[in-house]
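Structure record follows, encoded as structure tokens.
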Amino acid sequence: MTRAGNIRGGRATLSQEGLPTWLDPVVRAVETVAPGQLSRFLPPANGSGRQSAVLILFGEGAYGPELLLMERSTALRSHAGQPAFPGGALDPEDGDPLADGPLWAALREAEEETGLDPAGVQLFGVLPKLYIPVSGFVVTPVLGWWRVPSPVGVVDPNETARVFTVPVADLTDPDNRVTAVHPSGHQGPAFLVESALVWGFTAGIIDRLLHYAGWERPWDRDKRVPLDQRS
């Protein structure tokens, strides 16, 4: 994953040089976690599924380490109104899905959706590809350090309702953790933060990262929140 090139000056390569020490547990988790430890939904063995990527961007905010999230527009046909990591499907110009294509896609989509400057993002790791059955997406989670923060906000209201950051301290707070219950009966971890319910694929990734980084605190898994029928 060392393709040369620039997105507004930022290189789509991986580097762990100069990362803050508090990210060390995350780096170790990325290097050791197995696909099955992240999700029971893994890419189809036959190679089907639409290749995509998300950017899991860690920054340093007023309340310590934080993550960048966005809330999808309620007008979207898929995952409407749902908080998520910036990301989307790979475009042909992103390159090889099995090489550095997901890195480029994660940066490009984040810039298109939140307006962040990719030049200030240092990519440092990639998690195993996962699968979202409801949409057929094969997702590569790409992790980054917001080395030089830039202004972010809604770029296209038709796609994004808002862009916000969540302190990791809030994500690890047991009072903010619940189990989301889908009308189908499926249950999964969720977070009540920044006036939003973070659930589904995004919450699952956050939950596993907190766990394998050793940041998870005991929480009441019997505290349930029902999801809307349209979710």
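All residue names refer to the structure tokens as shown: chains lettered A, B, ... in order, residues numbered from 1 in each chain, ligands numbered from 1 in order.
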
Non-local contacts of Gly49 of chain A (10 Å; only C-alpha atoms; under 6 positions in same chain excluded) as a list of chain:residue names:
A:Pro43, A:Tyr131, A:Ile132, A:Pro133, A:Ser135, A:Gly136, A:Phe137, A:Val138, A:Val139

Tell me, counting only C-alpha atoms, for each residue of segment 77-136 of chain A within 8 Å of segment 13-22 of chain A, which pair of atoms is nearest and how far apart they are in Å to one decimal, in rows ordered by chain and increasing number, as a tab-separated table.
```
residue	atom	partner	partner_atom	distance
A:Asp100	CA	A:Thr13	CA	7.7
A:Leu103	CA	A:Thr13	CA	7.3
A:Gln122	CA	A:Ser15	CA	6.9
A:Leu123	CA	A:Leu14	CA	5.0
A:Phe124	CA	A:Leu14	CA	4.8
A:Gly125	CA	A:Leu14	CA	6.4
```

For the structure I just gave you, how does DSSP split segment 34-167 of chain A - specifically, which residues are strand (DSSP E)? Reply as a VMD selection string.
chain A and resid 50 to 61 64 to 72 83 to 84 87 to 89 121 to 126 130 to 132 137 to 146 160 to 167

Do a neighbour search on segment 55-63 of chain A at 8 Å with only C-alpha atoms, toss out local chain neighbours closer than 6 positions, and write the hits as number ranges by chain.
A: 85-87, 106-107, 110, 141-147, 149, 167, 169

Just to be explicit: take each residue in the selection above, keep C-alpha atoms, and write the result as a compact mmCIF listing (two decimals), in the first residue's frame.
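Once everything was written out, this is part-v4.txt:
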```
# COMPACT_ATOMS: atom_id res chain seq x y z
CA PHE A 85 -18.06 6.81 9.72
CA PRO A 86 -17.38 8.79 6.54
CA GLY A 87 -17.07 6.40 3.64
CA ALA A 106 -11.67 6.40 2.54
CA LEU A 107 -9.90 9.75 2.15
CA ALA A 110 -14.36 11.68 3.89
CA PRO A 141 -12.19 0.02 7.74
CA VAL A 142 -9.23 2.39 7.36
CA LEU A 143 -7.83 4.02 10.50
CA GLY A 144 -6.31 7.47 10.60
CA TRP A 145 -4.81 10.05 12.95
CA TRP A 146 -6.02 13.61 12.44
CA ARG A 147 -2.54 15.03 12.67
CA PRO A 149 -7.24 19.07 12.01
CA PRO A 167 -14.94 11.99 22.72
CA ALA A 169 -14.39 9.09 27.01
```

If you count only C-alpha atoms, which residues fall within 12 Å of Gly214 of chain A, apart from same-chain ones fewer than 3 positions away, as number ranges by chain?
A: 22-29, 172, 207-211, 217-218

Would you mind exporting the chosen residues as a JSON list (two decimals), in the first residue's frame, restricted to N, CA and C atoms?
```json
[["chain", "number", "residue", "atom", "x", "y", "z"],
["A", 22, "TRP", "N", -1.18, 7.43, 23.11],
["A", 22, "TRP", "CA", -2.46, 6.87, 23.50],
["A", 22, "TRP", "C", -3.09, 6.02, 22.40],
["A", 23, "LEU", "N", -2.57, 6.14, 21.19],
["A", 23, "LEU", "CA", -3.07, 5.30, 20.09],
["A", 23, "LEU", "C", -2.38, 3.94, 20.04],
["A", 24, "ASP", "N", -1.36, 3.73, 20.86],
["A", 24, "ASP", "CA", -0.63, 2.46, 20.83],
["A", 24, "ASP", "C", -1.55, 1.25, 21.00],
["A", 25, "PRO", "N", -2.52, 1.26, 21.93],
["A", 25, "PRO", "CA", -3.40, 0.10, 22.06],
["A", 25, "PRO", "C", -4.24, -0.16, 20.81],
["A", 26, "VAL", "N", -4.61, 0.90, 20.11],
["A", 26, "VAL", "CA", -5.38, 0.75, 18.88],
["A", 26, "VAL", "C", -4.51, 0.13, 17.79],
["A", 27, "VAL", "N", -3.27, 0.60, 17.69],
["A", 27, "VAL", "CA", -2.33, 0.04, 16.71],
["A", 27, "VAL", "C", -2.13, -1.44, 16.96],
["A", 28, "ARG", "N", -1.95, -1.83, 18.21],
["A", 28, "ARG", "CA", -1.76, -3.24, 18.54],
["A", 28, "ARG", "C", -3.00, -4.06, 18.18],
["A", 29, "ALA", "N", -4.17, -3.49, 18.45],
["A", 29, "ALA", "CA", -5.41, -4.19, 18.13],
["A", 29, "ALA", "C", -5.56, -4.40, 16.63],
["A", 172, "THR", "N", -16.76, 5.29, 26.03],
["A", 172, "THR", "CA", -16.44, 4.28, 27.04],
["A", 172, "THR", "C", -17.27, 4.44, 28.31],
["A", 207, "ASP", "N", -17.37, -0.71, 19.18],
["A", 207, "ASP", "CA", -17.42, -1.64, 20.31],
["A", 207, "ASP", "C", -16.21, -2.56, 20.33],
["A", 208, "ARG", "N", -15.88, -3.13, 19.17],
["A", 208, "ARG", "CA", -14.75, -4.07, 19.11],
["A", 208, "ARG", "C", -13.42, -3.35, 19.27],
["A", 209, "LEU", "N", -13.29, -2.14, 18.75],
["A", 209, "LEU", "CA", -12.05, -1.39, 18.92],
["A", 209, "LEU", "C", -11.83, -1.05, 20.39],
["A", 210, "LEU", "N", -12.89, -0.61, 21.06],
["A", 210, "LEU", "CA", -12.77, -0.30, 22.49],
["A", 210, "LEU", "C", -12.37, -1.55, 23.26],
["A", 211, "HIS", "N", -12.96, -2.68, 22.90],
["A", 211, "HIS", "CA", -12.68, -3.93, 23.60],
["A", 211, "HIS", "C", -11.23, -4.36, 23.42],
["A", 217, "ARG", "N", -15.16, -0.37, 29.32],
["A", 217, "ARG", "CA", -15.52, -0.44, 30.73],
["A", 217, "ARG", "C", -16.79, -1.27, 30.87],
["A", 218, "PRO", "N", -16.96, -1.97, 31.98],
["A", 218, "PRO", "CA", -18.16, -2.79, 32.15],
["A", 218, "PRO", "C", -19.43, -1.95, 31.99]]
```

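With only C-alpha atoms taken into account, the protein and nucleic acid residues at most 12 Å from Gly36 of chain A (excluding it and anything under 2 positions from it in its own chain) are Thr32, Val33, Ala34, Leu38, Ser39, Arg40, Phe41, Leu42, Pro43, Leu127, Pro128, Lys129, Leu130, Tyr131 and Arg208 of chain A.
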
Residues from last step as file, N, CA, C and O atoms, as a JSON list (two decimals), in the first residue's frame:
```
[["chain", "number", "residue", "atom", "x", "y", "z"],
["A", 32, "THR", "N", -3.40, -7.26, 15.35],
["A", 32, "THR", "CA", -3.61, -8.62, 15.86],
["A", 32, "THR", "C", -5.03, -9.14, 15.71],
["A", 32, "THR", "O", -5.24, -10.35, 15.77],
["A", 33, "VAL", "N", -6.00, -8.29, 15.52],
["A", 33, "VAL", "CA", -7.39, -8.74, 15.50],
["A", 33, "VAL", "C", -7.69, -9.57, 14.24],
["A", 33, "VAL", "O", -7.18, -9.29, 13.15],
["A", 34, "ALA", "N", -8.49, -10.60, 14.43],
["A", 34, "ALA", "CA", -8.90, -11.47, 13.32],
["A", 34, "ALA", "C", -10.29, -11.06, 12.85],
["A", 34, "ALA", "O", -11.07, -10.49, 13.61],
["A", 38, "LEU", "N", -14.19, -9.31, 14.88],
["A", 38, "LEU", "CA", -14.84, -8.03, 14.63],
["A", 38, "LEU", "C", -16.31, -8.19, 14.32],
["A", 38, "LEU", "O", -17.14, -7.37, 14.71],
["A", 39, "SER", "N", -16.66, -9.22, 13.58],
["A", 39, "SER", "CA", -18.05, -9.40, 13.16],
["A", 39, "SER", "C", -18.26, -10.83, 12.69],
["A", 39, "SER", "O", -17.33, -11.50, 12.23],
["A", 40, "ARG", "N", -19.51, -11.28, 12.80],
["A", 40, "ARG", "CA", -19.85, -12.60, 12.24],
["A", 40, "ARG", "C", -20.21, -12.49, 10.76],
["A", 40, "ARG", "O", -20.39, -13.49, 10.08],
["A", 41, "PHE", "N", -20.32, -11.23, 10.28],
["A", 41, "PHE", "CA", -20.63, -11.00, 8.87],
["A", 41, "PHE", "C", -19.34, -10.72, 8.11],
["A", 41, "PHE", "O", -18.77, -9.62, 8.20],
["A", 42, "LEU", "N", -18.86, -11.72, 7.37],
["A", 42, "LEU", "CA", -17.61, -11.60, 6.63],
["A", 42, "LEU", "C", -17.89, -11.66, 5.14],
["A", 42, "LEU", "O", -18.94, -12.16, 4.71],
["A", 43, "PRO", "N", -17.00, -11.12, 4.31],
["A", 43, "PRO", "CA", -17.23, -11.08, 2.86],
["A", 43, "PRO", "C", -17.51, -12.47, 2.29],
["A", 43, "PRO", "O", -16.93, -13.46, 2.73],
["A", 127, "LEU", "N", -8.24, -2.50, 9.08],
["A", 127, "LEU", "CA", -8.84, -3.69, 9.68],
["A", 127, "LEU", "C", -9.27, -4.67, 8.59],
["A", 127, "LEU", "O", -9.39, -4.29, 7.42],
["A", 128, "PRO", "N", -9.52, -5.92, 8.94],
["A", 128, "PRO", "CA", -9.99, -6.90, 7.95],
["A", 128, "PRO", "C", -11.30, -6.45, 7.30],
["A", 128, "PRO", "O", -12.12, -5.76, 7.93],
["A", 129, "LYS", "N", -11.49, -6.84, 6.06],
["A", 129, "LYS", "CA", -12.72, -6.52, 5.34],
["A", 129, "LYS", "C", -13.91, -7.19, 6.02],
["A", 129, "LYS", "O", -13.83, -8.34, 6.44],
["A", 130, "LEU", "N", -15.01, -6.44, 6.11],
["A", 130, "LEU", "CA", -16.24, -6.95, 6.71],
["A", 130, "LEU", "C", -17.38, -6.82, 5.70],
["A", 130, "LEU", "O", -17.21, -6.25, 4.62],
["A", 131, "TYR", "N", -18.52, -7.34, 6.08],
["A", 131, "TYR", "CA", -19.64, -7.40, 5.13],
["A", 131, "TYR", "C", -20.90, -6.85, 5.77],
["A", 131, "TYR", "O", -21.16, -7.08, 6.96],
["A", 208, "ARG", "N", -15.88, -3.13, 19.17],
["A", 208, "ARG", "CA", -14.75, -4.07, 19.11],
["A", 208, "ARG", "C", -13.42, -3.35, 19.27],
["A", 208, "ARG", "O", -12.48, -3.88, 19.89]]
```

Point-to-point distance from atom CA of Ile206 of chain A to atom CA of Pro189 of chain A, Å rounded to tenths:
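That distance, rounded to one decimal, is 9.1 Å.
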
Between atom CA of Val148 of chain A and atom CA of Gly120 of chain A - distance in Å to one decimal
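Interatomic distance here is 4.3 Å.
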
Which residues come within 9 Å of Leu90 of chain A, counting only C-alpha atoms, excluding same-chain residues fewer than 3 positions away, as a PyMOL selection string?
chain A and resi 50-53+93-95+97+101-102+104-106+109

Write the residues of the preceding selection, restricted to all heavy atoms, as a JSON list (two decimals), in the first residue's frame.
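Produced file out.json, reproduced below:
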```
[["chain", "number", "residue", "atom", "x", "y", "z"],
["A", 50, "ARG", "N", -20.07, -5.30, -3.16],
["A", 50, "ARG", "CA", -19.54, -4.05, -3.67],
["A", 50, "ARG", "C", -18.45, -3.54, -2.73],
["A", 50, "ARG", "O", -18.69, -3.34, -1.54],
["A", 50, "ARG", "CB", -20.65, -3.00, -3.80],
["A", 50, "ARG", "CG", -20.22, -1.75, -4.54],
["A", 50, "ARG", "CD", -21.38, -0.80, -4.75],
["A", 50, "ARG", "NE", -20.97, 0.35, -5.53],
["A", 50, "ARG", "CZ", -21.72, 1.42, -5.75],
["A", 50, "ARG", "NH1", -22.93, 1.48, -5.22],
["A", 50, "ARG", "NH2", -21.27, 2.42, -6.47],
["A", 51, "GLN", "N", -17.26, -3.32, -3.26],
["A", 51, "GLN", "CA", -16.12, -2.89, -2.46],
["A", 51, "GLN", "C", -16.31, -1.45, -1.97],
["A", 51, "GLN", "O", -16.66, -0.55, -2.74],
["A", 51, "GLN", "CB", -14.83, -3.00, -3.25],
["A", 51, "GLN", "CG", -14.47, -4.42, -3.66],
["A", 51, "GLN", "CD", -14.10, -5.28, -2.46],
["A", 51, "GLN", "OE1", -13.52, -4.81, -1.49],
["A", 51, "GLN", "NE2", -14.44, -6.57, -2.54],
["A", 52, "SER", "N", -16.06, -1.23, -0.69],
["A", 52, "SER", "CA", -16.20, 0.10, -0.12],
["A", 52, "SER", "C", -15.20, 0.27, 1.02],
["A", 52, "SER", "O", -14.50, -0.69, 1.40],
["A", 52, "SER", "CB", -17.62, 0.33, 0.40],
["A", 52, "SER", "OG", -17.92, -0.58, 1.45],
["A", 53, "ALA", "N", -15.13, 1.47, 1.56],
["A", 53, "ALA", "CA", -14.21, 1.76, 2.66],
["A", 53, "ALA", "C", -14.80, 2.84, 3.55],
["A", 53, "ALA", "O", -15.58, 3.68, 3.09],
["A", 53, "ALA", "CB", -12.85, 2.20, 2.13],
["A", 93, "GLU", "N", -11.23, 5.17, -10.11],
["A", 93, "GLU", "CA", -10.00, 5.93, -9.98],
["A", 93, "GLU", "C", -9.31, 5.72, -8.63],
["A", 93, "GLU", "O", -8.16, 6.14, -8.46],
["A", 93, "GLU", "CB", -10.26, 7.43, -10.19],
["A", 93, "GLU", "CG", -11.25, 8.03, -9.24],
["A", 93, "GLU", "CD", -12.67, 8.05, -9.79],
["A", 93, "GLU", "OE1", -13.01, 7.17, -10.60],
["A", 93, "GLU", "OE2", -13.44, 8.95, -9.38],
["A", 94, "ASP", "N", -9.99, 5.07, -7.69],
["A", 94, "ASP", "CA", -9.36, 4.80, -6.40],
["A", 94, "ASP", "C", -8.29, 3.72, -6.51],
["A", 94, "ASP", "O", -7.40, 3.65, -5.66],
["A", 94, "ASP", "CB", -10.41, 4.37, -5.37],
["A", 94, "ASP", "CG", -11.36, 5.50, -5.00],
["A", 94, "ASP", "OD1", -10.90, 6.66, -4.94],
["A", 94, "ASP", "OD2", -12.55, 5.23, -4.79],
["A", 95, "GLY", "N", -8.38, 2.88, -7.52],
["A", 95, "GLY", "CA", -7.36, 1.87, -7.71],
["A", 95, "GLY", "C", -7.78, 0.49, -7.27],
["A", 95, "GLY", "O", -8.97, 0.20, -7.08],
["A", 97, "PRO", "N", -8.85, -2.62, -5.37],
["A", 97, "PRO", "CA", -9.49, -2.88, -4.08],
["A", 97, "PRO", "C", -8.67, -3.78, -3.17],
["A", 97, "PRO", "O", -8.86, -3.77, -1.95],
["A", 97, "PRO", "CB", -10.80, -3.58, -4.48],
["A", 97, "PRO", "CG", -11.04, -3.19, -5.89],
["A", 97, "PRO", "CD", -9.68, -3.05, -6.50],
["A", 101, "GLY", "N", -6.51, 0.84, -3.01],
["A", 101, "GLY", "CA", -7.79, 1.43, -3.36],
["A", 101, "GLY", "C", -8.63, 1.87, -2.17],
["A", 101, "GLY", "O", -9.16, 2.98, -2.16],
["A", 102, "PRO", "N", -8.76, 1.03, -1.12],
["A", 102, "PRO", "CA", -9.55, 1.44, 0.03],
["A", 102, "PRO", "C", -8.99, 2.68, 0.75],
["A", 102, "PRO", "O", -9.76, 3.47, 1.31],
["A", 102, "PRO", "CB", -9.50, 0.21, 0.95],
["A", 102, "PRO", "CG", -9.32, -0.94, 0.01],
["A", 102, "PRO", "CD", -8.40, -0.41, -1.06],
["A", 104, "TRP", "N", -7.44, 5.26, -0.66],
["A", 104, "TRP", "CA", -7.85, 6.41, -1.45],
["A", 104, "TRP", "C", -9.34, 6.67, -1.31],
["A", 104, "TRP", "O", -9.78, 7.81, -1.19],
["A", 104, "TRP", "CB", -7.47, 6.20, -2.91],
["A", 104, "TRP", "CG", -6.00, 6.32, -3.16],
["A", 104, "TRP", "CD1", -5.07, 5.33, -3.13],
["A", 104, "TRP", "CD2", -5.29, 7.52, -3.46],
["A", 104, "TRP", "NE1", -3.82, 5.83, -3.39],
["A", 104, "TRP", "CE2", -3.93, 7.17, -3.60],
["A", 104, "TRP", "CE3", -5.67, 8.84, -3.62],
["A", 104, "TRP", "CZ2", -2.95, 8.11, -3.89],
["A", 104, "TRP", "CZ3", -4.69, 9.78, -3.92],
["A", 104, "TRP", "CH2", -3.34, 9.42, -4.05],
["A", 105, "ALA", "N", -10.13, 5.60, -1.31],
["A", 105, "ALA", "CA", -11.58, 5.75, -1.21],
["A", 105, "ALA", "C", -11.98, 6.35, 0.14],
["A", 105, "ALA", "O", -12.86, 7.22, 0.20],
["A", 105, "ALA", "CB", -12.25, 4.40, -1.41],
["A", 106, "ALA", "N", -11.35, 5.89, 1.22],
["A", 106, "ALA", "CA", -11.67, 6.40, 2.54],
["A", 106, "ALA", "C", -11.38, 7.90, 2.64],
["A", 106, "ALA", "O", -12.20, 8.67, 3.16],
["A", 106, "ALA", "CB", -10.89, 5.63, 3.61],
["A", 109, "GLU", "N", -13.88, 9.87, 0.12],
["A", 109, "GLU", "CA", -15.25, 9.94, 0.62],
["A", 109, "GLU", "C", -15.34, 10.87, 1.84],
["A", 109, "GLU", "O", -16.32, 11.61, 1.99],
["A", 109, "GLU", "CB", -15.75, 8.54, 0.98],
["A", 109, "GLU", "CG", -16.07, 7.66, -0.22],
["A", 109, "GLU", "CD", -17.42, 8.02, -0.84],
["A", 109, "GLU", "OE1", -18.19, 8.75, -0.20],
["A", 109, "GLU", "OE2", -17.69, 7.56, -1.96]]
```
